[in-house]
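Report on the structure given below.
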Amino acid sequence: MGVVRREGQRAAAAFLYAVVVLGAVVGGGVRAFEDGTAVYIVTMKQAPVFHKRLDLQRFGSSRVAGASGDTPSTSVLRKPRNGSPKPMNYGSYLVRLQNSLLKRTLRGEHYIKLYSYRYLINGFAIVITPQQAEKLSRRKEVANVMLDYSIRTATTHTPEFLGLPQGAWVQEGGPQCAGQGVVVGLIDTGIDPTHPSFADDLSTDSYPVPAHYSGICEVTNDFPSGSCNRKLVGARHFAASAITRGVFNVSQDLASPSDSDGHGTHTASIAAGNHGIPAVVAGHHYGDASGMAPRAHIAVYKALYKSFGGFAADVVAAIDQAAEDNVDIISLSITPNRRPPGLATFFNPIDMALLSAVKAGIFVVQAAGNTGPSPKSMSSYSPWIFTVGASAHDRVYNNYVVLGNNLTIPGVGLAPGTDGDDMYTLIAAPHALKNYTATPTEMSLGECQDSSHLDEDLIRGKILVCSYSIRFVLGLSSVKQALDTAKNASAAGVIFYLDPFVLGFQLNPTPMRMPGLIIPSSDDSKVFLTYYNDSLVRDDTSGRIVSFGGVAKILGGLKPDYRNSAPKVMFYSARGPDPEDNSLSNADILKPNLVAPGSSIWGAWSSLGLDSAEFAGESFAMISGTSMAAPHVAGLAALVKQKFPSFSSAAIGSALSTTTTLSDKQGNPIMAQRTYSKPDSTQTPATPFDMGNGFVNATAALDPGLIFDCSYDDFFSFLCGINGSSPVVMNYTGNNCGASTMTGADLNLPSITIAVLNQSRTITRTVTNVAADESYTVSYSTPYGVAVSVAPTQFFIPSGQRQLVTFVVNATMNSSSASFGNVGFYGDKGHRAIIPFSVISKVVYSS
């Protein structure tokens with residue numbers, strides 16, 4: 001028997017949860033968000049657990065000197081990724097220092113400490129006033145104080161489109177082995193643990209939890225004991241900042257790892273969902289779904305929620321915990337709601353925590369953002385983060401309405417067609433009211449949301465015509481409700497025409513249990529309505545409709561069509577060049593790194609999912625966004641990690657980047673959509689600022705030949721090379737900057753980007769051979785307005801060895817427009833590595 005609680009009790013429970021479970025209340029009381037209080041993220045100068053462990057390994061020390069003679073033993077420091085003992089004492093020591101600082105600085109004052117960060121960064125999230133934040137910032141122990149900020153969320157066929165069944169999976173031993181032993185950590189909206197995509201009993205062979213993973217499975221009323229297994233190996237949730245702000249809806253957002261949104265379940269299944277799970281939606285079977293690494297393990301860190309998105313303080317806590325739990329890959333289908341303020345986009349708590357994660361050997365993937373197609377719309381900036389844009393794949397679901405005048409209009413709808421070749425009478429909802437009521441003013445009637453006023457006898461056996469207005473986009477009306485109206489009235493089908501006020505909104509195929517479609521074009525909708533209205537027969541005197549002359553039939557959209565030109569970069573996918581700071585200065589870093597399938601992706605859906613009303617109650621959903629592209633790459637990275645377990649994060653990124661595809665399946669250049677409205681009519685060939693290195697090629701990434709490796713120390717030097725950055729770098733890393741002139745172009749990345757080429761520049765890249773001995777030839781195409789010389793143009797490189805390649809780049813003309821070329825390394829045993837070459841501003845004579 002269930003327990004019923006009043007809303008007031010729920011609110012009280014949420015507040016108690018924030019105070020007692022998520023954060024210790026200190027300083028004598030609780031007054032969150034009164035008198036101008038807000039959530040701040042505070043970092044301290046003393047090294048976090050992971051950095052201290054590396055220092056001990058480097059210098060061979062057996063003890064760590066702490067304050068006041070506290071000397072925790074190394075035997076309890078954080079284990080390295082090979083499985084040495086897990087530290088607790090030094091982490092506890094850091095928490096004690098944090099609490100001591102707060103008590104001394106804010107003695108007798110009210111504050112709430114929400115989180116202690118200790119593994120990747122040493123710091124905490126706290127609810128305080130601006131005056132208290134100023135007090136903390138003046139303390140010598142404190143490195144940085146930053147105001148918390150908001151975060152937002154940004155398959156059955158894509159394994160085949162990516163060539164996995166005949167390629168990468170075969171190399172890994174088939175889908176039953178692909179990704180085994182690798183843990184993918186997803187920071188998202190949680191997961192539905194009951195979904196078959198995450199079951200561990202689909203095969204009889206042993207499927208152990210990786211020994212290096214040390215996470216736990218949080219148990220709550222809606223995430224009961226037994227929710228985790230050998231597939232879903234860990235699950236936690238983080239919501240302290242959200243709850244303290246008062247935006248957390250306990251009944252809808254769920255204070256547990258359970259997914260009430262759907263987004264997290266979808267992304268987890270794309271990355272590592274089980275192989276061969278039937279995707280059945282609205283009673284129709286759309287094939288069998290699989291993740292990219294179907295044998296990999298999943299660890300969920302819920303920090304995003306249906307009602308409000310999320311906050312950086314919660315996301316940083318999730319990242320810190322995932323790293324401490326020893327995940328191998330972190331996938332973030334999330335982006336900040338605004339560009340981080342300050343010296344550079346790279347200096348923000350999330351990116352700096354991810355830098356430490358990379359130092360710990362974790363490959364980090366992030367969605368580029370859905371803010372395209374404008375230039376500099378990127379929401380994932382840092383060179384240590386692997387940023388993924390969204391492309392289309394070749395599968396589309398087409399359906400059509402054929403009118404009585406033989407005109408055919410395309411639509412979207414995962415729906416059956418009307419029976420046979422019969423034509424059915426069209427009737428619009430406003431013309432089907434009981435007792436010949438005048439045309440209604442309520443939009444819901446025209447949208448078929450209210451059947452109580454409709455004449456069922458008049459509609460029976462006809463195709464019901466409904467308006468698709470902005471209310472559908474806002475979630476105030478739904479296709480499901482309109483379908484229920486049509487079914488209750490015994491309609492033969494339903495057609496939605498697009499309201500002219502719905503501009504620039506792209507409609508995805510929508511599941512329907514009865515014949516139906518949505519006309520996604522306002523122009524086509526006008527043509528449809530003109531035919532319908534011209535076919536009405538009205539009484540000459542009263543003007544009342546006496547008969548409906550328009551007829552149509554619906555051709556179904558259940559069968560996929562694989563003739564679509566693909567891949568192509570979707571209009572919504574965020575574009576480069578990478579913005580270095582709030583002034584939108586261009587960084588010497590290529591973003592996105594590559595593109596992957598992100599449009600109309602089938603994936604698992606939570607039984608509680610509310611994010612897409614059209615898929616409510618379904619076990620699978622088809623949605624689009626760079627949120628879908630990022631977990632594709634996270635799963636493919638798991639395959640690379642499985643084959644090359646010693647690869648660094650940069651090496652995995654290089655293997656994925658240098659082996660991309662630069663042409664579509666017809667052999668033509670990959671195209672990029674340029675506008676929201678009629679995107680296919682405005683597409684032009686994609687540049688590296690649209691697609692990075694190109695479209696991901698999973699099979700080729702497992703045999704890259706050459707890689708471009710890059711270490712934490714390189715990224716550190718890059719940050720130190722930013723003018724005026726030394727104090728900020730010290731604040732975030734705890735290390736002093738030496739003299740550095742390194743720019744993004746000097747990083748050993750699998751791309752070359754020069755924001756400002758002032759006369760001449762020398763760039764070097766070092767390649768490492770991860771295959772057998774091989775001879776390589778270097779060829780290149782130069783960006784317009786640039787002259788390039790390369791040395792050497794030929795070299796022999798033994799297995800495991802490195803080769804330095806030098807590029808001397810000279811501007812030959814003044815120009816402020818970007819131009820592009822590429823460099824190709826071609827081996828005599830079939831390996832090839834191609835990197836893009838981008839120059840934005842070219843200056844022949846300095847001022």
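Simple scheme: letters A, B, ... for chains in structure tokens order, numbers from 1 for residues in each chain, numbers from 1 for ligands in the order shown.
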DSSP helix (DSSP H, G or I) residues within region 175-375 of chain A, listed as number ranges by chain: A: 196-198, 240-245, 250-253, 263-272, 312-324, 349-359
Give me, as a PyMOL selection string, the residues of region 634-736 of chain A that a backbone DSSP run labels strand (DSSP E). chain A and resi 671-672+684-685+706-707
Residue contacts of region 286-296 of chain A (9 Å, only C-alpha atoms) excluding same-chain residues fewer than 6 positions away, as a ChimeraX atom specification: /A:155-159,164,169,175-184,197,207,231,268-280,558-560,602-604,631-639
List the spatial neighbours of Leu476 (chain A) as a PDB file with N, CA, C and O atoms, in the first residue's frame - criterion: any atom at most 10 Å away, only C-alpha atoms, same-chain residues fewer than 4 positions off excluded.
ATOM      1  N   SER A 444      -7.316  25.331 -27.999  1.00  0.00           N
ATOM      2  CA  SER A 444      -7.267  23.892 -27.721  1.00  0.00           C
ATOM      3  C   SER A 444      -8.240  23.106 -28.585  1.00  0.00           C
ATOM      4  O   SER A 444      -7.987  21.947 -28.916  1.00  0.00           O
ATOM      5  N   GLN A 449      -7.434  19.196 -28.729  1.00  0.00           N
ATOM      6  CA  GLN A 449      -7.091  18.838 -27.358  1.00  0.00           C
ATOM      7  C   GLN A 449      -8.325  18.568 -26.493  1.00  0.00           C
ATOM      8  O   GLN A 449      -8.196  18.035 -25.391  1.00  0.00           O
ATOM      9  N   SER A 469       0.332  24.276 -33.112  1.00  0.00           N
ATOM     10  CA  SER A 469       0.683  25.655 -32.767  1.00  0.00           C
ATOM     11  C   SER A 469       1.904  25.695 -31.859  1.00  0.00           C
ATOM     12  O   SER A 469       2.474  24.665 -31.485  1.00  0.00           O
ATOM     13  N   ILE A 470       2.271  26.888 -31.451  1.00  0.00           N
ATOM     14  CA  ILE A 470       3.401  27.081 -30.545  1.00  0.00           C
ATOM     15  C   ILE A 470       3.142  26.410 -29.203  1.00  0.00           C
ATOM     16  O   ILE A 470       4.071  26.084 -28.454  1.00  0.00           O
ATOM     17  N   ARG A 471       1.870  26.151 -28.895  1.00  0.00           N
ATOM     18  CA  ARG A 471       1.530  25.490 -27.638  1.00  0.00           C
ATOM     19  C   ARG A 471       2.095  24.069 -27.580  1.00  0.00           C
ATOM     20  O   ARG A 471       2.408  23.569 -26.504  1.00  0.00           O
ATOM     21  N   PHE A 472       2.240  23.424 -28.737  1.00  0.00           N
ATOM     22  CA  PHE A 472       2.857  22.093 -28.766  1.00  0.00           C
ATOM     23  C   PHE A 472       4.344  22.198 -28.430  1.00  0.00           C
ATOM     24  O   PHE A 472       4.893  21.360 -27.716  1.00  0.00           O
ATOM     25  N   ALA A 613       6.897  14.760 -24.306  1.00  0.00           N
ATOM     26  CA  ALA A 613       5.546  14.289 -24.004  1.00  0.00           C
ATOM     27  C   ALA A 613       5.078  13.238 -25.005  1.00  0.00           C
ATOM     28  O   ALA A 613       4.290  12.348 -24.658  1.00  0.00           O
TER      29      ALA A 613
END
Would you kindly return, as a list in words, each protein, DNA or RNA residue with an atom no farther than 7 Å from any atom of region 323-334 of chain A, considering only C-alpha atoms and excluding same-chain residues fewer than 6 positions away?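 Near neighbours after the sequence-gap exclusion: Arg81, Tyr119, Ile151, Arg152, Thr153, Ala154, Val182, Val183, Val184, Gly185, Leu186, Ile187, Asp188, His212, Tyr213, Ser214, Gly215, Ala357, Ile362, Phe363, Val364, Val365, Gln366, Ala367, Ser627, Ala630, Pro631 and Ala634 of chain A.
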Given only C-alpha atoms as the basis, pick out the residue of A:Gly734, A:Gly694, A:Gly721, A:Pro193 nearest to Leu747 (chain A).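 Answer, going by the shortest atom-to-atom distance: A:Gly721.
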Between A:Asn398, A:Ser607, A:Ser649, A:Asn122, which residue has the minimum interatomic distance to Tyr712 (chain A), considering only C-alpha atoms? A:Ser649
Can you tell me, as an mmCIF file with N, CA, C and O atoms, in the first residue's frame, what residues are no more than 9 Å from region 301-315 of chain A when counting only C-alpha atoms, ignoring any on the same chain fewer than 2 positions away?
data_model
loop_
_atom_site.group_PDB
_atom_site.id
_atom_site.type_symbol
_atom_site.label_atom_id
_atom_site.label_comp_id
_atom_site.auth_asym_id
_atom_site.auth_seq_id
_atom_site.Cartn_x
_atom_site.Cartn_y
_atom_site.Cartn_z
ATOM 1 N N VAL A 39 24.772 30.583 -3.795
ATOM 2 C CA VAL A 39 25.718 29.474 -3.757
ATOM 3 C C VAL A 39 27.028 29.923 -4.396
ATOM 4 O O VAL A 39 27.047 30.458 -5.508
ATOM 5 N N TYR A 40 28.131 29.716 -3.687
ATOM 6 C CA TYR A 40 29.465 30.015 -4.196
ATOM 7 C C TYR A 40 30.289 28.732 -4.214
ATOM 8 O O TYR A 40 30.121 27.862 -3.343
ATOM 9 N N ILE A 41 31.198 28.631 -5.177
ATOM 10 C CA ILE A 41 32.153 27.532 -5.245
ATOM 11 C C ILE A 41 33.506 28.088 -4.828
ATOM 12 O O ILE A 41 34.032 29.002 -5.460
ATOM 13 N N LEU A 114 27.419 22.920 1.306
ATOM 14 C CA LEU A 114 26.678 21.926 0.533
ATOM 15 C C LEU A 114 27.527 20.719 0.162
ATOM 16 O O LEU A 114 27.070 19.583 0.229
ATOM 17 N N TYR A 115 28.741 20.964 -0.305
ATOM 18 C CA TYR A 115 29.630 19.889 -0.738
ATOM 19 C C TYR A 115 31.040 20.167 -0.274
ATOM 20 O O TYR A 115 31.457 21.329 -0.174
ATOM 21 N N PHE A 124 34.897 23.631 -1.760
ATOM 22 C CA PHE A 124 33.557 23.329 -1.270
ATOM 23 C C PHE A 124 32.558 24.263 -1.940
ATOM 24 O O PHE A 124 32.915 25.318 -2.490
ATOM 25 N N ALA A 125 31.291 23.847 -1.909
ATOM 26 C CA ALA A 125 30.184 24.698 -2.336
ATOM 27 C C ALA A 125 29.446 25.140 -1.080
ATOM 28 O O ALA A 125 29.221 24.338 -0.162
ATOM 29 N N ILE A 126 29.078 26.408 -1.030
ATOM 30 C CA ILE A 126 28.544 26.966 0.211
ATOM 31 C C ILE A 126 27.511 28.047 -0.094
ATOM 32 O O ILE A 126 27.615 28.760 -1.101
ATOM 33 N N ASP A 148 28.064 30.339 -8.238
ATOM 34 C CA ASP A 148 27.540 29.169 -8.951
ATOM 35 C C ASP A 148 26.740 29.640 -10.173
ATOM 36 O O ASP A 148 26.206 30.753 -10.196
ATOM 37 N N TYR A 149 26.661 28.791 -11.197
ATOM 38 C CA TYR A 149 25.921 29.150 -12.410
ATOM 39 C C TYR A 149 25.157 27.947 -12.926
ATOM 40 O O TYR A 149 25.404 26.807 -12.551
ATOM 41 N N SER A 150 24.187 28.207 -13.811
ATOM 42 C CA SER A 150 23.267 27.160 -14.247
ATOM 43 C C SER A 150 23.807 26.403 -15.452
ATOM 44 O O SER A 150 24.608 26.898 -16.231
ATOM 45 N N ILE A 151 23.309 25.174 -15.608
ATOM 46 C CA ILE A 151 23.710 24.245 -16.646
ATOM 47 C C ILE A 151 22.450 23.740 -17.322
ATOM 48 O O ILE A 151 21.393 23.632 -16.704
ATOM 49 N N ARG A 152 22.555 23.367 -18.613
ATOM 50 C CA ARG A 152 21.394 22.803 -19.305
ATOM 51 C C ARG A 152 21.812 21.554 -20.067
ATOM 52 O O ARG A 152 22.977 21.356 -20.370
ATOM 53 N N THR A 153 20.837 20.741 -20.406
ATOM 54 C CA THR A 153 21.098 19.566 -21.232
ATOM 55 C C THR A 153 21.221 20.022 -22.685
ATOM 56 O O THR A 153 20.453 20.836 -23.167
ATOM 57 N N GLY A 185 31.173 6.798 -17.203
ATOM 58 C CA GLY A 185 30.431 7.605 -16.235
ATOM 59 C C GLY A 185 29.634 8.679 -16.946
ATOM 60 O O GLY A 185 30.198 9.462 -17.716
ATOM 61 N N LEU A 186 28.341 8.727 -16.721
ATOM 62 C CA LEU A 186 27.464 9.692 -17.387
ATOM 63 C C LEU A 186 26.915 10.673 -16.370
ATOM 64 O O LEU A 186 26.297 10.274 -15.373
ATOM 65 N N ILE A 187 27.171 11.950 -16.602
ATOM 66 C CA ILE A 187 26.636 13.017 -15.751
ATOM 67 C C ILE A 187 25.444 13.596 -16.479
ATOM 68 O O ILE A 187 25.588 14.296 -17.486
ATOM 69 N N ASP A 188 24.246 13.264 -15.985
ATOM 70 C CA ASP A 188 23.040 13.561 -16.752
ATOM 71 C C ASP A 188 21.848 13.592 -15.806
ATOM 72 O O ASP A 188 22.006 13.976 -14.637
ATOM 73 N N THR A 189 20.677 13.156 -16.284
ATOM 74 C CA THR A 189 19.447 13.236 -15.501
ATOM 75 C C THR A 189 19.114 11.931 -14.789
ATOM 76 O O THR A 189 17.993 11.761 -14.321
ATOM 77 N N GLY A 190 20.070 11.018 -14.711
ATOM 78 C CA GLY A 190 19.825 9.756 -14.035
ATOM 79 C C GLY A 190 19.565 8.633 -15.015
ATOM 80 O O GLY A 190 19.901 8.715 -16.205
ATOM 81 N N ILE A 191 18.932 7.576 -14.536
ATOM 82 C CA ILE A 191 18.730 6.386 -15.371
ATOM 83 C C ILE A 191 17.519 5.614 -14.874
ATOM 84 O O ILE A 191 17.158 5.680 -13.693
ATOM 85 N N GLY A 234 27.130 1.588 -10.839
ATOM 86 C CA GLY A 234 27.089 2.634 -9.823
ATOM 87 C C GLY A 234 26.066 3.687 -10.167
ATOM 88 O O GLY A 234 25.782 3.932 -11.344
ATOM 89 N N ALA A 235 25.495 4.317 -9.139
ATOM 90 C CA ALA A 235 24.504 5.368 -9.378
ATOM 91 C C ALA A 235 24.418 6.262 -8.142
ATOM 92 O O ALA A 235 24.254 5.773 -7.020
ATOM 93 N N ARG A 236 24.536 7.570 -8.351
ATOM 94 C CA ARG A 236 24.400 8.563 -7.284
ATOM 95 C C ARG A 236 23.651 9.776 -7.832
ATOM 96 O O ARG A 236 23.522 9.925 -9.046
ATOM 97 N N HIS A 237 23.221 10.641 -6.934
ATOM 98 C CA HIS A 237 22.626 11.898 -7.396
ATOM 99 C C HIS A 237 23.192 13.060 -6.584
ATOM 100 O O HIS A 237 23.644 12.897 -5.446
ATOM 101 N N PHE A 238 23.176 14.255 -7.203
ATOM 102 C CA PHE A 238 23.737 15.467 -6.621
ATOM 103 C C PHE A 238 22.762 16.612 -6.885
ATOM 104 O O PHE A 238 22.487 16.938 -8.041
ATOM 105 N N ALA A 239 22.252 17.202 -5.827
ATOM 106 C CA ALA A 239 21.230 18.249 -6.004
ATOM 107 C C ALA A 239 21.266 19.301 -4.910
ATOM 108 O O ALA A 239 20.307 20.046 -4.746
ATOM 109 N N ALA A 240 22.363 19.383 -4.161
ATOM 110 C CA ALA A 240 22.386 20.293 -3.014
ATOM 111 C C ALA A 240 22.148 21.739 -3.414
ATOM 112 O O ALA A 240 21.380 22.452 -2.768
ATOM 113 N N SER A 241 22.826 22.195 -4.476
ATOM 114 C CA SER A 241 22.664 23.591 -4.894
ATOM 115 C C SER A 241 21.231 23.855 -5.330
ATOM 116 O O SER A 241 20.632 24.876 -4.974
ATOM 117 N N ALA A 242 20.657 22.915 -6.082
ATOM 118 C CA ALA A 242 19.291 23.091 -6.576
ATOM 119 C C ALA A 242 18.285 23.116 -5.441
ATOM 120 O O ALA A 242 17.373 23.956 -5.402
ATOM 121 N N VAL A 247 14.411 25.446 -6.042
ATOM 122 C CA VAL A 247 13.857 25.143 -7.366
ATOM 123 C C VAL A 247 13.594 23.656 -7.538
ATOM 124 O O VAL A 247 13.070 23.234 -8.562
ATOM 125 N N PHE A 248 13.963 22.858 -6.547
ATOM 126 C CA PHE A 248 13.834 21.403 -6.658
ATOM 127 C C PHE A 248 12.403 20.975 -6.364
ATOM 128 O O PHE A 248 11.855 21.267 -5.302
ATOM 129 N N ASN A 249 11.788 20.260 -7.304
ATOM 130 C CA ASN A 249 10.431 19.744 -7.154
ATOM 131 C C ASN A 249 10.534 18.265 -6.786
ATOM 132 O O ASN A 249 10.816 17.429 -7.632
ATOM 133 N N GLN A 252 8.603 15.649 -8.828
ATOM 134 C CA GLN A 252 8.924 15.510 -10.244
ATOM 135 C C GLN A 252 10.397 15.223 -10.486
ATOM 136 O O GLN A 252 10.746 14.401 -11.337
ATOM 137 N N ASP A 253 11.294 15.875 -9.737
ATOM 138 C CA ASP A 253 12.722 15.756 -10.015
ATOM 139 C C ASP A 253 13.364 14.539 -9.351
ATOM 140 O O ASP A 253 14.387 14.050 -9.820
ATOM 141 N N LEU A 254 12.825 14.046 -8.273
ATOM 142 C CA LEU A 254 13.262 12.843 -7.570
ATOM 143 C C LEU A 254 14.675 12.983 -7.000
ATOM 144 O O LEU A 254 15.650 13.087 -7.745
ATOM 145 N N SER A 256 17.053 11.156 -6.122
ATOM 146 C CA SER A 256 17.611 9.815 -6.270
ATOM 147 C C SER A 256 18.243 9.726 -7.652
ATOM 148 O O SER A 256 18.074 10.629 -8.481
ATOM 149 N N PRO A 257 18.943 8.630 -7.960
ATOM 150 C CA PRO A 257 19.482 8.472 -9.324
ATOM 151 C C PRO A 257 18.419 8.174 -10.373
ATOM 152 O O PRO A 257 18.730 8.100 -11.565
ATOM 153 N N SER A 258 17.179 7.975 -9.973
ATOM 154 C CA SER A 258 16.117 7.627 -10.909
ATOM 155 C C SER A 258 15.855 8.766 -11.889
ATOM 156 O O SER A 258 15.885 9.942 -11.517
ATOM 157 N N ASP A 259 15.572 8.422 -13.125
ATOM 158 C CA ASP A 259 15.437 9.392 -14.211
ATOM 159 C C ASP A 259 13.969 9.707 -14.469
ATOM 160 O O ASP A 259 13.250 8.910 -15.070
ATOM 161 N N SER A 260 13.525 10.875 -14.030
ATOM 162 C CA SER A 260 12.151 11.313 -14.298
ATOM 163 C C SER A 260 12.069 12.188 -15.531
ATOM 164 O O SER A 260 11.000 12.681 -15.872
ATOM 165 N N ASP A 261 13.198 12.391 -16.202
ATOM 166 C CA ASP A 261 13.261 13.245 -17.389
ATOM 167 C C ASP A 261 13.284 12.409 -18.665
ATOM 168 O O ASP A 261 12.506 12.636 -19.585
ATOM 169 N N GLY A 262 14.173 11.431 -18.740
ATOM 170 C CA GLY A 262 14.326 10.593 -19.921
ATOM 171 C C GLY A 262 15.654 10.780 -20.616
ATOM 172 O O GLY A 262 16.187 9.853 -21.249
ATOM 173 N N HIS A 263 16.216 11.988 -20.503
ATOM 174 C CA HIS A 263 17.441 12.353 -21.201
ATOM 175 C C HIS A 263 18.610 11.459 -20.801
ATOM 176 O O HIS A 263 19.362 10.961 -21.639
ATOM 177 N N GLY A 264 18.781 11.229 -19.496
ATOM 178 C CA GLY A 264 19.906 10.435 -19.019
ATOM 179 C C GLY A 264 19.815 8.981 -19.437
ATOM 180 O O GLY A 264 20.830 8.357 -19.782
ATOM 181 N N ALA A 299 28.118 3.883 -15.138
ATOM 182 C CA ALA A 299 28.010 4.502 -13.807
ATOM 183 C C ALA A 299 27.324 5.848 -13.986
ATOM 184 O O ALA A 299 27.739 6.653 -14.817
ATOM 185 N N ALA A 317 30.548 18.411 -8.158
ATOM 186 C CA ALA A 317 30.514 17.319 -7.181
ATOM 187 C C ALA A 317 30.397 15.972 -7.883
ATOM 188 O O ALA A 317 31.030 14.985 -7.477
ATOM 189 N N ALA A 318 29.599 15.904 -8.940
ATOM 190 C CA ALA A 318 29.436 14.662 -9.695
ATOM 191 C C ALA A 318 30.743 14.270 -10.389
ATOM 192 O O ALA A 318 31.140 13.094 -10.378
ATOM 193 N N ILE A 319 31.417 15.252 -10.995
ATOM 194 C CA ILE A 319 32.698 14.979 -11.657
ATOM 195 C C ILE A 319 33.718 14.481 -10.645
ATOM 196 O O ILE A 319 34.438 13.497 -10.887
ATOM 197 N N ASP A 320 33.792 15.145 -9.509
ATOM 198 C CA ASP A 320 34.754 14.781 -8.477
ATOM 199 C C ASP A 320 34.520 13.348 -7.998
ATOM 200 O O ASP A 320 35.466 12.567 -7.819
ATOM 201 N N GLN A 321 33.243 12.999 -7.809
ATOM 202 C CA GLN A 321 32.929 11.653 -7.343
ATOM 203 C C GLN A 321 33.212 10.605 -8.410
ATOM 204 O O GLN A 321 33.735 9.516 -8.111
ATOM 205 N N ALA A 322 32.867 10.898 -9.656
ATOM 206 C CA ALA A 322 33.119 9.949 -10.745
ATOM 207 C C ALA A 322 34.603 9.635 -10.855
ATOM 208 O O ALA A 322 35.003 8.474 -11.058
ATOM 209 N N ILE A 334 25.858 18.101 -21.465
ATOM 210 C CA ILE A 334 25.416 19.321 -20.797
ATOM 211 C C ILE A 334 26.341 20.461 -21.191
ATOM 212 O O ILE A 334 27.503 20.252 -21.529
ATOM 213 N N PRO A 336 27.029 24.981 -20.259
ATOM 214 C CA PRO A 336 26.631 26.114 -19.416
ATOM 215 C C PRO A 336 25.617 27.002 -20.124
ATOM 216 O O PRO A 336 25.585 27.088 -21.356
ATOM 217 N N PRO A 349 34.924 26.348 -12.876
ATOM 218 C CA PRO A 349 35.044 25.158 -12.027
ATOM 219 C C PRO A 349 34.853 23.840 -12.755
ATOM 220 O O PRO A 349 35.533 22.860 -12.453
ATOM 221 N N ILE A 350 33.930 23.800 -13.724
ATOM 222 C CA ILE A 350 33.685 22.535 -14.413
ATOM 223 C C ILE A 350 34.880 22.148 -15.275
ATOM 224 O O ILE A 350 35.401 21.027 -15.195
ATOM 225 N N GLY A 609 9.878 9.128 -17.769
ATOM 226 C CA GLY A 609 10.381 10.250 -18.554
ATOM 227 C C GLY A 609 9.312 11.242 -18.953
ATOM 228 O O GLY A 609 8.265 10.860 -19.486
ATOM 229 N N LEU A 610 9.591 12.524 -18.711
ATOM 230 C CA LEU A 610 8.651 13.595 -19.032
ATOM 231 C C LEU A 610 9.215 14.589 -20.036
ATOM 232 O O LEU A 610 8.542 15.547 -20.407
ATOM 233 N N ASP A 611 10.480 14.396 -20.459
ATOM 234 C CA ASP A 611 11.140 15.406 -21.284
ATOM 235 C C ASP A 611 10.470 15.562 -22.639
ATOM 236 O O ASP A 611 10.410 16.655 -23.177
#
Counting only C-alpha atoms, the option among A:Ile670, A:Arg107, A:Lys45, A:Ile519 closest to Ser137 (chain A): A:Lys45
Give the answer as one residue: which of A:Ser100, A:Thr753, A:Thr682, A:Ser251 has the shortest atom-to-atom distance to Asp578 (chain A), using only C-alpha atoms? A:Thr753
Non-local contacts of Ala552 (chain A) (9 Å; only C-alpha atoms; under 6 positions in same chain excluded) as an mmCIF file with N, CA and C atoms, in the first residue's frame:
data_model
loop_
_atom_site.group_PDB
_atom_site.id
_atom_site.type_symbol
_atom_site.label_atom_id
_atom_site.label_comp_id
_atom_site.auth_asym_id
_atom_site.auth_seq_id
_atom_site.Cartn_x
_atom_site.Cartn_y
_atom_site.Cartn_z
ATOM 1 N N VAL A 401 0.924 12.952 -47.356
ATOM 2 C CA VAL A 401 -0.506 13.031 -47.568
ATOM 3 C C VAL A 401 -0.726 13.303 -49.054
ATOM 4 N N VAL A 402 -1.572 12.510 -49.661
ATOM 5 C CA VAL A 402 -1.930 12.689 -51.064
ATOM 6 C C VAL A 402 -3.342 13.277 -51.105
ATOM 7 N N LEU A 403 -3.470 14.472 -51.676
ATOM 8 C CA LEU A 403 -4.749 15.178 -51.713
ATOM 9 C C LEU A 403 -5.574 14.753 -52.911
ATOM 10 N N GLY A 404 -6.843 15.126 -52.879
ATOM 11 C CA GLY A 404 -7.750 14.754 -53.963
ATOM 12 C C GLY A 404 -7.383 15.364 -55.295
ATOM 13 N N ASN A 405 -6.590 16.417 -55.307
ATOM 14 C CA ASN A 405 -6.141 17.027 -56.566
ATOM 15 C C ASN A 405 -4.806 16.437 -57.029
ATOM 16 N N ASN A 406 -4.435 15.279 -56.443
ATOM 17 C CA ASN A 406 -3.205 14.531 -56.765
ATOM 18 C C ASN A 406 -1.921 15.221 -56.288
ATOM 19 N N ASP A 422 -7.962 4.021 -50.811
ATOM 20 C CA ASP A 422 -9.173 4.806 -50.585
ATOM 21 C C ASP A 422 -8.817 6.220 -50.149
ATOM 22 N N MET A 423 -9.618 7.176 -50.594
ATOM 23 C CA MET A 423 -9.490 8.566 -50.162
ATOM 24 C C MET A 423 -10.528 8.824 -49.075
ATOM 25 N N TYR A 424 -10.156 9.611 -48.092
ATOM 26 C CA TYR A 424 -11.009 9.876 -46.941
ATOM 27 C C TYR A 424 -11.304 11.372 -46.861
ATOM 28 N N THR A 425 -12.517 11.666 -46.440
ATOM 29 C CA THR A 425 -12.936 13.058 -46.328
ATOM 30 C C THR A 425 -12.161 13.761 -45.213
ATOM 31 N N LEU A 426 -11.746 14.996 -45.482
ATOM 32 C CA LEU A 426 -11.037 15.824 -44.502
ATOM 33 C C LEU A 426 -12.030 16.687 -43.731
ATOM 34 N N ILE A 463 -10.755 11.949 -41.923
ATOM 35 C CA ILE A 463 -9.442 12.363 -41.414
ATOM 36 C C ILE A 463 -9.616 13.691 -40.692
#
